[in-house]
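Asks: Below is the file coords_10.cif, with mmCIF, C-alpha atoms and all ligand atoms.
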data_model
loop_
_atom_site.label_atom_id
_atom_site.label_comp_id
_atom_site.auth_asym_id
_atom_site.auth_seq_id
_atom_site.Cartn_x
_atom_site.Cartn_y
_atom_site.Cartn_z
CA MET D 141 46.57 43.09 115.67
CA VAL D 142 44.59 45.38 117.89
CA THR D 143 46.67 48.33 118.98
CA ASP D 144 46.05 50.77 121.78
CA SER D 145 44.93 54.19 120.51
CA LYS D 146 47.07 55.87 123.16
CA TRP D 147 50.28 54.32 121.90
CA HIS D 148 52.90 56.55 120.35
CA ALA D 149 54.38 56.12 116.89
CA GLU D 150 57.53 54.58 118.40
CA THR D 151 55.41 51.83 119.96
CA LEU D 152 53.10 51.32 116.97
CA ALA D 153 56.09 50.94 114.65
CA ILE D 154 57.24 48.01 116.79
CA VAL D 155 53.98 46.20 117.53
CA ALA D 156 51.87 46.65 114.37
CA GLY D 157 51.92 44.11 111.55
CA ARG D 158 52.79 41.10 113.70
CA ALA D 159 51.39 37.57 113.50
CA PRO D 160 50.17 36.82 117.02
CA THR D 161 50.17 33.04 116.50
CA PRO D 162 51.39 31.15 119.61
CA GLY D 163 54.58 29.35 118.73
CA GLY D 164 54.93 31.31 115.49
CA PRO D 165 57.70 33.68 114.45
CA PHE D 166 57.71 37.28 115.74
CA ASN D 167 57.78 38.61 112.20
CA VAL D 168 55.41 37.79 109.37
CA PRO D 169 57.76 35.91 107.03
CA PRO D 170 58.04 36.69 103.32
CA THR D 171 55.43 34.55 101.54
CA PHE D 172 56.73 33.70 98.09
CA ALA D 173 53.61 32.58 96.27
CA SER D 174 51.99 33.24 92.92
CA THR D 175 49.14 30.85 93.63
CA TYR D 176 47.34 29.64 96.74
CA ARG D 177 45.42 26.41 97.20
CA ASP D 178 41.65 26.70 96.87
CA GLY D 179 39.75 27.24 100.07
CA GLY D 180 41.70 30.23 101.43
CA ASP D 181 41.08 33.95 101.18
CA ILE D 182 43.80 35.09 98.75
CA GLY D 183 43.78 32.83 95.69
CA TYR D 184 46.22 34.47 93.31
CA GLY D 185 49.44 36.38 93.95
CA ARG D 186 48.25 39.62 92.37
CA TRP D 187 45.22 39.73 94.66
CA GLY D 188 47.00 39.78 97.98
CA ASN D 189 49.92 38.60 100.08
CA PRO D 190 50.32 38.19 103.87
CA THR D 191 53.66 40.04 103.78
CA TRP D 192 52.08 43.07 102.06
CA SER D 193 49.27 42.97 104.63
CA ALA D 194 51.72 43.09 107.54
CA PHE D 195 53.44 46.15 106.05
CA GLU D 196 50.07 47.78 105.29
CA GLU D 197 48.83 47.25 108.82
CA ALA D 198 51.92 48.92 110.27
CA LEU D 199 51.97 51.95 107.94
CA GLY D 200 48.19 52.27 108.27
CA GLU D 201 48.61 52.48 112.06
CA LEU D 202 51.25 55.19 111.75
CA GLU D 203 49.19 57.32 109.35
CA GLY D 204 45.87 56.61 111.10
CA GLY D 205 44.06 54.92 108.18
CA TYR D 206 43.87 51.93 105.84
CA CYS D 207 46.94 51.32 103.72
CA VAL D 208 47.37 49.74 100.28
CA SER D 209 50.91 49.05 99.10
CA PHE D 210 52.21 49.39 95.54
CA ALA D 211 55.27 48.57 93.46
CA SER D 212 56.67 52.11 93.85
CA GLY D 213 55.66 55.58 94.92
CA LEU D 214 54.73 56.43 91.35
CA ALA D 215 52.65 53.27 91.04
CA ALA D 216 50.72 54.50 94.09
CA VAL D 217 50.31 57.95 92.48
CA SER D 218 49.19 56.32 89.21
CA ALA D 219 46.59 54.16 90.93
CA LEU D 220 45.07 57.24 92.56
CA LEU D 221 45.01 59.11 89.24
CA ALA D 222 43.67 56.09 87.33
CA SER D 223 40.62 56.03 89.57
CA LEU D 224 39.66 59.61 88.57
CA PRO D 225 36.92 60.30 86.03
CA LEU D 226 38.04 61.63 82.65
CA ALA D 227 38.56 65.43 82.35
CA THR D 228 39.03 65.92 86.09
CA THR D 229 40.69 69.20 87.05
CA VAL D 230 43.74 68.69 89.27
CA VAL D 231 45.49 71.42 91.26
CA TYR D 232 49.10 70.44 91.96
CA PRO D 233 52.33 71.88 93.35
CA GLY D 234 54.39 73.56 90.63
CA ASP D 235 57.55 72.72 92.55
CA GLY D 236 56.52 69.27 93.75
CA TYR D 237 58.15 65.92 93.05
CA ASN D 238 59.11 65.88 89.36
CA GLY D 239 57.76 62.36 88.71
CA THR D 240 54.24 63.30 89.83
CA ARG D 241 54.43 66.61 87.95
CA GLY D 242 55.63 64.85 84.81
CA LEU D 243 52.80 62.33 84.97
CA LEU D 244 50.12 64.99 85.55
CA GLU D 245 51.47 67.20 82.78
CA ARG D 246 51.56 64.29 80.38
CA LEU D 247 47.97 63.26 81.18
CA ASP D 248 46.97 66.88 80.62
CA LYS D 249 48.75 67.00 77.24
CA GLU D 250 46.95 63.85 76.18
CA GLY D 251 43.61 65.35 77.14
CA ARG D 252 42.90 62.93 80.00
CA LEU D 253 42.71 65.60 82.68
CA HIS D 254 43.25 69.34 83.25
CA THR D 255 45.98 70.62 85.53
CA ARG D 256 46.59 73.85 87.40
CA ALA D 257 50.03 74.40 88.94
CA VAL D 258 50.20 76.39 92.19
CA ASP D 259 52.73 77.42 94.81
CA VAL D 260 51.47 75.45 97.83
CA VAL D 261 53.23 77.86 100.21
CA ASN D 262 50.85 80.57 99.00
CA THR D 263 47.56 79.58 100.68
CA ASN D 264 45.42 82.14 98.82
CA GLU D 265 46.73 80.97 95.46
CA VAL D 266 45.82 77.36 96.36
CA LEU D 267 42.34 78.29 97.59
CA GLU D 268 41.63 80.30 94.43
CA ALA D 269 42.85 77.49 92.15
CA MET D 270 40.55 75.07 93.97
CA ASP D 271 37.50 76.84 92.57
CA GLY D 272 35.90 74.38 90.15
CA ALA D 273 38.66 71.78 90.68
CA ASP D 274 38.02 68.12 91.57
CA LEU D 275 41.34 67.05 93.03
CA LEU D 276 43.99 68.87 95.04
CA TRP D 277 47.46 67.31 95.13
CA LEU D 278 49.72 68.55 97.92
CA GLU D 279 53.26 68.15 99.15
CA SER D 280 54.75 69.79 102.22
CA PRO D 281 57.59 70.44 102.77
CA THR D 282 58.20 70.81 99.04
CA ASN D 283 61.03 69.19 97.11
CA PRO D 284 63.70 70.61 96.87
CA MET D 285 62.79 74.13 98.05
CA LEU D 286 61.51 72.97 101.47
CA GLY D 287 58.52 75.34 101.40
CA VAL D 288 55.90 74.66 104.08
CA ALA D 289 52.17 74.68 103.24
CA ASP D 290 49.42 75.56 105.69
CA LEU D 291 47.93 72.08 105.46
CA PRO D 292 45.19 72.46 108.13
CA THR D 293 43.74 75.58 106.45
CA ILE D 294 44.01 74.19 102.91
CA LEU D 295 42.59 70.78 103.82
CA ARG D 296 39.69 72.34 105.71
CA SER D 297 38.81 74.50 102.70
CA ALA D 298 39.13 71.54 100.34
CA ARG D 299 36.73 69.54 102.47
CA ASP D 300 34.24 72.44 102.59
CA ALA D 301 34.49 72.84 98.80
CA GLY D 302 34.07 69.10 98.15
CA VAL D 303 37.52 68.83 96.59
CA VAL D 304 39.33 65.53 97.09
CA ALA D 305 42.72 66.29 98.66
CA VAL D 306 45.76 64.03 98.45
CA VAL D 307 48.94 64.68 100.41
CA ASP D 308 52.27 63.16 99.40
CA ASN D 309 53.77 62.68 102.87
CA THR D 310 57.10 61.19 101.73
CA PHE D 311 59.27 64.06 103.02
CA ALA D 312 57.51 64.64 106.34
CA THR D 313 56.60 61.01 107.13
CA PRO D 314 53.88 60.32 109.74
CA MET D 315 56.45 61.35 112.35
CA LEU D 316 55.86 65.02 111.47
CA GLN D 317 52.26 65.14 110.26
CA GLN D 318 49.25 62.90 109.71
CA PRO D 319 47.28 64.52 106.88
CA LEU D 320 44.25 62.19 107.23
CA ALA D 321 43.59 63.64 110.68
CA LEU D 322 43.63 67.12 109.08
CA GLY D 323 40.96 66.14 106.55
CA ALA D 324 42.98 64.78 103.60
CA SER D 325 41.17 62.13 101.53
CA ALA D 326 44.35 60.16 100.94
CA VAL D 327 48.04 60.11 101.83
CA VAL D 328 50.68 58.88 99.40
CA HIS D 329 54.15 57.61 100.20
CA SER D 330 57.20 56.67 98.30
CA ALA D 331 58.16 53.96 100.83
CA THR D 332 61.39 53.82 98.86
CA LYS D 333 62.53 56.78 100.95
CA TYR D 334 62.27 57.12 104.76
CA ILE D 335 59.96 54.18 105.39
CA GLY D 336 62.21 51.60 103.74
CA GLY D 337 65.08 53.79 104.84
CA HIS D 338 68.04 51.75 103.58
CA SER D 339 68.25 52.56 99.85
CA ASP D 340 67.66 48.92 98.95
CA LEU D 341 64.08 48.80 97.65
CA LEU D 342 61.32 50.61 95.79
CA MET D 343 57.80 50.60 97.15
CA GLY D 344 54.81 52.90 97.47
CA ALA D 345 51.62 53.19 99.48
CA VAL D 346 48.31 54.99 99.66
CA ILE D 347 46.54 55.43 103.00
CA VAL D 348 42.86 56.35 103.15
CA ALA D 349 40.42 57.01 105.97
CA ASP D 350 37.76 54.44 105.16
CA GLU D 351 37.64 50.76 104.31
CA SER D 352 35.47 51.07 101.20
CA ARG D 353 37.99 53.44 99.62
CA ARG D 354 40.73 50.96 100.57
CA ASP D 355 38.84 48.15 98.82
CA GLU D 356 38.53 50.27 95.67
CA LEU D 357 42.27 50.91 95.67
CA VAL D 358 43.00 47.21 96.13
CA GLU D 359 40.80 46.58 93.09
CA TRP D 360 42.78 49.17 91.12
CA ARG D 361 46.05 47.57 92.20
CA THR D 362 44.80 44.16 91.10
CA THR D 363 43.61 45.58 87.77
CA LEU D 364 46.71 47.67 87.06
CA GLY D 365 49.10 45.01 88.33
CA ALA D 366 51.39 47.46 90.12
CA ILE D 367 51.95 45.10 93.05
CA PRO D 368 54.94 45.25 95.39
CA GLY D 369 57.49 42.47 95.52
CA VAL D 370 57.32 40.19 98.55
CA MET D 371 60.92 40.74 99.59
CA GLU D 372 60.41 44.49 99.19
CA ALA D 373 57.39 44.41 101.49
CA TYR D 374 59.31 42.38 104.05
CA LEU D 375 62.27 44.76 103.98
CA ALA D 376 60.06 47.86 104.00
CA LEU D 377 58.35 46.66 107.19
CA ARG D 378 61.73 45.86 108.70
CA GLY D 379 62.74 49.42 107.81
CA LEU D 380 59.55 50.92 109.20
CA ARG D 381 60.22 49.39 112.65
CA THR D 382 63.11 51.83 113.09
CA LEU D 383 61.57 54.81 111.28
CA PRO D 384 60.86 56.78 114.49
CA VAL D 385 64.36 56.39 115.89
CA ARG D 386 66.08 56.95 112.54
CA PHE D 387 64.01 59.99 111.76
CA ALA D 388 64.57 61.58 115.18
CA ARG D 389 68.33 61.24 114.86
CA GLN D 390 68.40 62.30 111.21
CA GLN D 391 66.47 65.48 111.87
CA ARG D 392 68.65 66.38 114.85
CA THR D 393 71.73 66.11 112.63
CA ALA D 394 69.96 68.01 109.82
CA ALA D 395 69.22 70.90 112.19
CA GLU D 396 72.87 71.03 113.26
CA LEU D 397 74.17 70.96 109.68
CA ALA D 398 71.63 73.59 108.60
CA GLU D 399 72.89 75.99 111.30
CA ARG D 400 76.51 75.41 110.36
CA LEU D 401 75.88 75.75 106.62
CA ASP D 402 73.94 78.94 107.27
CA ASP D 403 77.06 80.43 108.93
CA HIS D 404 79.44 79.25 106.21
CA ARG D 405 81.00 82.02 104.13
CA HIS D 406 80.69 80.09 100.86
CA VAL D 407 77.01 79.21 101.30
CA ARG D 408 74.55 81.74 99.90
CA ARG D 409 71.37 80.42 101.36
CA VAL D 410 70.09 77.45 103.34
CA ARG D 411 66.53 76.21 103.01
CA TYR D 412 65.47 74.31 106.12
CA PRO D 413 62.21 75.03 107.96
CA GLY D 414 63.98 74.54 111.30
CA LEU D 415 66.14 77.65 110.85
CA VAL D 416 64.61 80.61 112.69
CA THR D 417 65.35 82.79 109.64
CA ASP D 418 63.63 80.39 107.18
CA PRO D 419 60.34 81.65 105.71
CA GLY D 420 58.69 78.34 106.71
CA PHE D 421 59.88 78.39 110.32
CA GLU D 422 56.77 79.72 112.04
CA ARG D 423 54.39 77.54 110.07
CA ALA D 424 56.50 74.44 110.55
CA SER D 425 56.88 75.13 114.29
CA SER D 426 53.14 75.29 114.81
CA LEU D 427 52.00 72.65 112.29
CA MET D 428 54.66 69.94 112.23
CA GLY D 429 56.07 67.63 114.88
CA GLY D 430 59.62 68.53 113.80
CA PHE D 431 61.49 70.00 110.85
CA GLY D 432 62.54 66.89 108.99
CA ALA D 433 65.88 65.63 107.74
CA MET D 434 65.94 67.19 104.25
CA LEU D 435 67.68 70.50 103.61
CA SER D 436 68.89 72.41 100.59
CA PHE D 437 71.71 74.92 100.33
CA GLU D 438 72.86 77.17 97.53
CA VAL D 439 76.36 77.97 96.43
CA HIS D 440 77.59 80.40 93.77
CA ASP D 441 76.72 78.43 90.62
CA ALA D 442 76.09 75.00 89.13
CA PRO D 443 79.75 74.19 88.25
CA SER D 444 80.93 74.89 91.80
CA ALA D 445 78.02 72.86 93.19
CA ASP D 446 79.07 69.94 90.96
CA ARG D 447 82.65 70.28 92.17
CA ILE D 448 81.48 70.17 95.78
CA VAL D 449 79.65 66.90 95.11
CA GLU D 450 82.78 65.47 93.47
CA SER D 451 85.07 66.48 96.32
CA LEU D 452 82.96 65.08 99.18
CA ARG D 453 84.52 61.93 100.61
CA LEU D 454 81.86 60.69 103.03
CA ILE D 455 78.60 62.12 101.67
CA VAL D 456 77.48 60.24 98.57
CA GLY D 457 76.41 61.96 95.38
CA GLY D 458 73.17 60.41 94.12
CA THR D 459 69.50 61.09 93.71
CA SER D 460 66.77 59.71 95.98
CA LEU D 461 66.65 60.33 99.72
CA GLY D 462 65.66 59.01 103.12
CA GLY D 463 68.35 56.36 103.53
CA VAL D 464 70.69 55.77 106.47
CA GLU D 465 73.51 57.29 104.41
CA THR D 466 73.76 61.02 103.77
CA THR D 467 73.29 61.77 100.07
CA ILE D 468 73.60 64.94 98.02
CA ASP D 469 71.95 65.87 94.74
CA ARG D 470 72.23 68.98 92.57
CA ARG D 471 68.57 69.09 91.64
CA GLY D 472 68.92 71.52 88.75
CA ARG D 473 70.64 68.81 86.68
CA TRP D 474 67.37 66.88 86.26
CA LYS D 475 64.73 67.26 83.59
CA GLY D 476 61.73 69.16 84.93
CA GLU D 477 63.84 70.98 87.55
CA GLU D 478 64.78 73.96 85.34
CA SER D 479 63.30 76.43 87.83
CA VAL D 480 65.53 75.22 90.68
CA PRO D 481 68.58 77.48 91.26
CA GLY D 482 71.60 75.95 89.47
CA GLY D 483 73.80 76.03 92.57
CA LEU D 484 71.23 74.36 94.83
CA LEU D 485 72.33 71.15 96.52
CA ARG D 486 69.75 68.99 98.28
CA LEU D 487 71.00 67.04 101.24
CA SER D 488 69.25 63.97 102.64
CA VAL D 489 70.77 63.67 106.09
CA GLY D 490 71.56 60.15 107.26
CA LEU D 491 72.84 58.53 110.42
CA GLU D 492 76.58 59.21 110.29
CA HIS D 493 78.11 61.23 113.11
CA PRO D 494 77.34 64.95 112.61
CA VAL D 495 80.97 65.92 113.27
CA ASP D 496 82.16 63.73 110.39
CA LEU D 497 79.43 65.05 108.10
CA TRP D 498 80.27 68.64 108.90
CA ALA D 499 84.01 68.07 108.37
CA ASP D 500 83.23 66.59 104.94
CA LEU D 501 81.00 69.52 103.91
CA ASP D 502 83.35 72.16 105.30
CA ASP D 503 86.40 70.64 103.56
CA ALA D 504 84.56 70.39 100.24
CA LEU D 505 83.23 73.97 100.41
CA ASN D 506 86.61 75.43 101.39
CA GLY D 507 88.47 73.32 98.84
CA VAL D 508 86.25 74.27 95.92
CA PHE D 509 86.18 77.99 96.68
CA ALA D 510 89.88 78.21 97.57
CA ASN D 511 90.77 76.99 94.05
CA PRO D 512 88.12 78.42 91.77
C1 LIG J 601 60.57 59.47 95.20
C2 LIG J 601 59.29 60.18 95.36
C3 LIG J 601 58.12 59.71 94.74
C4 LIG J 601 58.11 58.53 93.79
O1 LIG J 601 58.41 57.34 94.44
P1 LIG J 601 59.13 56.08 93.75
O2 LIG J 601 59.18 55.10 94.84
O3 LIG J 601 60.47 56.56 93.27
O4 LIG J 601 58.28 55.67 92.59
C5 LIG J 601 56.94 60.38 94.99
N1 LIG J 601 56.91 61.48 95.79
C6 LIG J 601 58.01 61.96 96.40
C7 LIG J 601 57.91 63.16 97.27
C8 LIG J 601 59.25 61.33 96.21
O5 LIG J 601 60.33 61.82 96.80
#
What would the structure in this file look like if it were written as structure tokens?

Replies:
Amino acid sequence: MVTDSKWHAETLAIVAGRAPTPGGPFNVPPTFASTYRDGGDIGYGRWGNPTWSAFEEALGELEGGYCVSFASGLAAVSALLASLPLATTVVYPGDGYNGTRGLLERLDKEGRLHTRAVDVVNTNEVLEAMDGADLLWLESPTNPMLGVADLPTILRSARDAGVVAVVDNTFATPMLQQPLALGASAVVHSATKYIGGHSDLLMGAVIVADESRRDELVEWRTTLGAIPGVMEAYLALRGLRTLPVRFARQQRTAAELAERLDDHRHVRRVRYPGLVTDPGFERASSLMGGFGAMLSFEVHDAPSADRIVESLRLIVGGTSLGGVETTIDRRGRWKGEESVPGGLLRLSVGLEHPVDLWADLDDALNGVFANP
């Protein structure tokens, strides 16, 4: 599919990854095959699949590069790390996604690589840690503190210093930022989240700027075996078609809820880069195409936060994020999240009506603090 470079994300999400065969179906159907007859270009089911390719074409168009899909976000992260030489030094966000942190820290403990944790919001700290490093791992906004990194400055310095920079773009999605255009070497996604968007699949992806790097990653995927399921790829592409419209609505509702939570007498602090009072506001306004649909808010302590989750009737308690349903998660309950404030609740804002969502939050907050 040849797309027009002037087309917007909304258009690309609809037209990319199609099979333009006259008389054929609009959508590339799920191809359930472990083996292909000799004479074609795939051969074996671990080497490729037309349904993966359709998804990869579409996400590649949105991120502005070449995409390789994986069994999960962490499989995508693992493939990138597996391709590193032994004893590489990796700079990574100390408050980033706990799965990536756990993997890096484990590889460090086993002597496979060296890690340096940084606060990605603090640009000078990141630039200093890059000295002598080989790989820079970035996330912005961060999870669950919603800190915003100065990606253009950091990525420019990484490029000048010859440091390979990877950006996990799961939270922002290509709707808010395209790190490859800012100089990142690779972008990683947990497509499980906003791209799939319906809490019904796990999938991951890496997007790189050049074809030779893509071919290397395909080789790693084939070797490691972390291939996506066919049905997952089909559903993830179906989800991606509505990413722009879902994300626009979700972030509008998130902004409204953030304002209301910020004014609530039982809420101590809201973390959302779209609030004028948020430390990330100015950076996010100038660097991102919006403020996203994730927000965190803090209440008095962990027990009251747990009681809020239990008393919500519409918003669902559960980990993960990016689905059509609004979900809430007290992050401090998880291993590796000990530094997160105990009373912090992370909200992944979905597509329900904002009035209903607010009524649910307001009732839960007032109920819990009226009967302590
Ligand atoms: C969930 C998540 C991952 C891991 O993805 P899986 O699909 O769960 O393996 C990686 N990065 C971020 C930011 C995530 O939220």

Asks: Would you mind listing what lies within 8 Å of Ala373 (chain D) as a PyMOL selection string, with only C-alpha atoms counted and same-chain residues fewer than 2 positions away left out?

Replies: chain D and resi 170+191-192+195+343+368-371+375-377

Asks: Counting all atoms listed in the file, which residue out of D:Gly344, D:Gly483, D:Gly490, D:Pro384 sits closest to Ser444 (chain D)?

Replies: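 Ranking D:Gly344, D:Gly483, D:Gly490, D:Pro384 by distance to Ser444 (chain D), first place goes to D:Gly483.
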
Asks: Taking only residues of chain D that have an atom at most 9 Å from an atom of ligand LIG 601 (chain J), what is each one's shortest atom pair and its distance in Å to one decimal, using all atoms listed in the file, in chain and number order, as CSV?

Replies:
residue,atom,partner,partner_atom,distance
D:Ala211,CA,J:LIG601,O2,7.7
D:Ser212,CA,J:LIG601,O2,4.0
D:Gly213,CA,J:LIG601,O1,3.3
D:Leu214,CA,J:LIG601,O4,3.8
D:Ala215,CA,J:LIG601,O4,6.3
D:Ala216,CA,J:LIG601,O4,7.8
D:Val217,CA,J:LIG601,C5,7.5
D:Gly236,CA,J:LIG601,C7,7.2
D:Tyr237,CA,J:LIG601,C7,5.0
D:Asn238,CA,J:LIG601,N1,8.1
D:Gly239,CA,J:LIG601,C4,6.4
D:Thr240,CA,J:LIG601,C5,6.5
D:Glu279,CA,J:LIG601,C7,7.1
D:Ser280,CA,J:LIG601,C7,8.9
D:Thr282,CA,J:LIG601,C7,7.9
D:Asn283,CA,J:LIG601,C7,6.8
D:Asp308,CA,J:LIG601,C7,6.0
D:Asn309,CA,J:LIG601,C7,7.0
D:Thr310,CA,J:LIG601,C7,4.9
D:Phe311,CA,J:LIG601,C7,6.0
D:Val328,CA,J:LIG601,N1,7.7
D:His329,CA,J:LIG601,N1,6.5
D:Ser330,CA,J:LIG601,O1,4.1
D:Ala331,CA,J:LIG601,O2,6.2
D:Thr332,CA,J:LIG601,O2,4.8
D:Lys333,CA,J:LIG601,C1,6.6
D:Leu341,CA,J:LIG601,O2,8.5
D:Leu342,CA,J:LIG601,O2,5.1
D:Met343,CA,J:LIG601,O2,5.2
D:Gly344,CA,J:LIG601,O2,5.6
D:Ser460,CA,J:LIG601,C1,6.3
D:Leu461,CA,J:LIG601,O5,7.1
D:Gly462,CA,J:LIG601,O5,8.7

Asks: With distances taken over all atoms listed in the file, which of D:Ala433, D:Leu454, D:Val410, D:Leu152 is nearest to Ala499 (chain D)?

Replies: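 Going through D:Ala433, D:Leu454, D:Val410, D:Leu152 one by one, the smallest distance to Ala499 (chain D) is for D:Leu454.
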
Asks: Work out how far CA of Val258 (chain D) is from CA of Pro233 (chain D), in Å to one decimal.

Replies: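 Those two atoms sit 5.1 Å apart.
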
Asks: Report, in Å to a single decimal, how far apart CA of Ala388 (chain D) and CA of Pro413 (chain D) are.

Replies: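 CA of Ala388 (chain D) lies 15.4 Å from CA of Pro413 (chain D).
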
Asks: Excluding Trp147 (chain D) and any residue of its chain fewer than 6 positions from it, enumerate the residues within 12 Å of it, using all atoms listed in the file, and give them as a PyMOL selection string.

Replies: chain D and resi 153-156+201-202+204

Asks: Would you mind telling me which residue in D:Val449, D:Gly251, D:Thr382, D:Val208 lies nearest to Glu351 (chain D) when using all atoms listed in the file?

Replies: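 For Glu351 (chain D), the nearest of the candidates is D:Val208.
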
Asks: Just to confirm, what's the straight-line distance from CA of Glu450 (chain D) to CA of Arg400 (chain D) in Å (one decimal)?

Replies: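 CA of Arg400 (chain D) lies at a distance of 20.6 Å from CA of Glu450 (chain D).
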
Asks: Report as JSON the centre and the edge lengths, in Å to one decimal, of the axis-aligned box holding every listed atom of region 259-274 of chain D, padded by 8 Å on each side.

Replies:
{"center_x": 44.6, "center_y": 75.1, "center_z": 95.4, "size_x": 33.3, "size_y": 30.0, "size_z": 26.5}

Asks: Write out as an MDAnalysis selection string the residues lying within 10 Å of Ala321 (chain D), counting only C-alpha atoms and excluding same-chain residues fewer than 6 positions away.

Replies: chainID D and resid 203:205 292 295 349

Asks: Counting only C-alpha atoms, note down every residue that has an atom within 9 Å of the point (45.2, 45.2, 97.2) (file coordinates), as a list in words.

Replies: Arg186, Trp187, Gly188, Asn189, Trp192, Ser193, Val208, Ser209, Phe210, Arg354, Asp355, Glu356, Leu357, Val358, Glu359, Trp360, Arg361, Thr362 and Ile367 of chain D

Asks: If we count only C-alpha atoms, what is near Gly457 (chain D) at a cut-off of 12 Å, once residues fewer than 4 positions away on the same chain are taken out, given as a ChimeraX atom specification?

Replies: /D:445-453,461,465-471,485-488

Asks: Only C-alpha atoms, please: the residues just picked out, written as a PDB file, keeping the file's coordinate frame.

Replies:
ATOM      1  CA  ALA D 445      78.020  72.860  93.190  1.00  0.00           C
ATOM      2  CA  ASP D 446      79.070  69.940  90.960  1.00  0.00           C
ATOM      3  CA  ARG D 447      82.650  70.280  92.170  1.00  0.00           C
ATOM      4  CA  ILE D 448      81.480  70.170  95.780  1.00  0.00           C
ATOM      5  CA  VAL D 449      79.650  66.900  95.110  1.00  0.00           C
ATOM      6  CA  GLU D 450      82.780  65.470  93.470  1.00  0.00           C
ATOM      7  CA  SER D 451      85.070  66.480  96.320  1.00  0.00           C
ATOM      8  CA  LEU D 452      82.960  65.080  99.180  1.00  0.00           C
ATOM      9  CA  ARG D 453      84.520  61.930 100.610  1.00  0.00           C
ATOM     10  CA  LEU D 461      66.650  60.330  99.720  1.00  0.00           C
ATOM     11  CA  GLU D 465      73.510  57.290 104.410  1.00  0.00           C
ATOM     12  CA  THR D 466      73.760  61.020 103.770  1.00  0.00           C
ATOM     13  CA  THR D 467      73.290  61.770 100.070  1.00  0.00           C
ATOM     14  CA  ILE D 468      73.600  64.940  98.020  1.00  0.00           C
ATOM     15  CA  ASP D 469      71.950  65.870  94.740  1.00  0.00           C
ATOM     16  CA  ARG D 470      72.230  68.980  92.570  1.00  0.00           C
ATOM     17  CA  ARG D 471      68.570  69.090  91.640  1.00  0.00           C
ATOM     18  CA  LEU D 485      72.330  71.150  96.520  1.00  0.00           C
ATOM     19  CA  ARG D 486      69.750  68.990  98.280  1.00  0.00           C
ATOM     20  CA  LEU D 487      71.000  67.040 101.240  1.00  0.00           C
ATOM     21  CA  SER D 488      69.250  63.970 102.640  1.00  0.00           C
TER      22      SER D 488
END

Asks: Which polymer residues, whether protein, DNA or RNA, lie within 10 Å of the coordinate (65.3, 71.6, 88.6) when you count all atoms listed in the file? List them as a list of chain:residue names, using the chain letters and numbers from the file.

Replies: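 The answer, in the requested form, is D:Asp235, D:Asn238, D:Asn283, D:Pro284, D:Arg470, D:Arg471, D:Gly472, D:Arg473, D:Trp474, D:Lys475, D:Gly476, D:Glu477, D:Glu478, D:Ser479, D:Val480, D:Pro481, D:Gly482, D:Leu484.
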
Asks: Go ahead and save the picked residues with C-alpha atoms, as a short mmCIF file (atom, residue, chain, number, x, y, z; two decimals), in the frame of the given file.

Replies:
data_model
loop_
_atom_site.label_atom_id
_atom_site.label_comp_id
_atom_site.auth_asym_id
_atom_site.auth_seq_id
_atom_site.Cartn_x
_atom_site.Cartn_y
_atom_site.Cartn_z
CA ASP D 235 57.55 72.72 92.55
CA ASN D 238 59.11 65.88 89.36
CA ASN D 283 61.03 69.19 97.11
CA PRO D 284 63.70 70.61 96.87
CA ARG D 470 72.23 68.98 92.57
CA ARG D 471 68.57 69.09 91.64
CA GLY D 472 68.92 71.52 88.75
CA ARG D 473 70.64 68.81 86.68
CA TRP D 474 67.37 66.88 86.26
CA LYS D 475 64.73 67.26 83.59
CA GLY D 476 61.73 69.16 84.93
CA GLU D 477 63.84 70.98 87.55
CA GLU D 478 64.78 73.96 85.34
CA SER D 479 63.30 76.43 87.83
CA VAL D 480 65.53 75.22 90.68
CA PRO D 481 68.58 77.48 91.26
CA GLY D 482 71.60 75.95 89.47
CA LEU D 484 71.23 74.36 94.83
#

Asks: Which is closer to His406 (chain D) than all the others in D:Val495, D:Leu364, D:Ala227, D:Ala504, using all atoms listed in the file?

Replies: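 Ranked by minimum distance to His406 (chain D), first place goes to D:Ala504.
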
Asks: For each of D:Ser426, D:Gln391, D:Gln317, D:Ser297, take the minimum atom-to-atom distance to Ala269 (chain D), counting all atoms listed in the file, then give the residue where this is smallest.

Replies: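 Closest residue, counting all atoms listed in the file: D:Ser297.
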
Asks: Go through D:Ala312, D:Ala198, D:Met285, D:Val307 and flag the residue nearest Tyr334 (chain D), using only C-alpha atoms for the distances.

Replies: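 For Tyr334 (chain D), the nearest of the candidates is D:Ala312.
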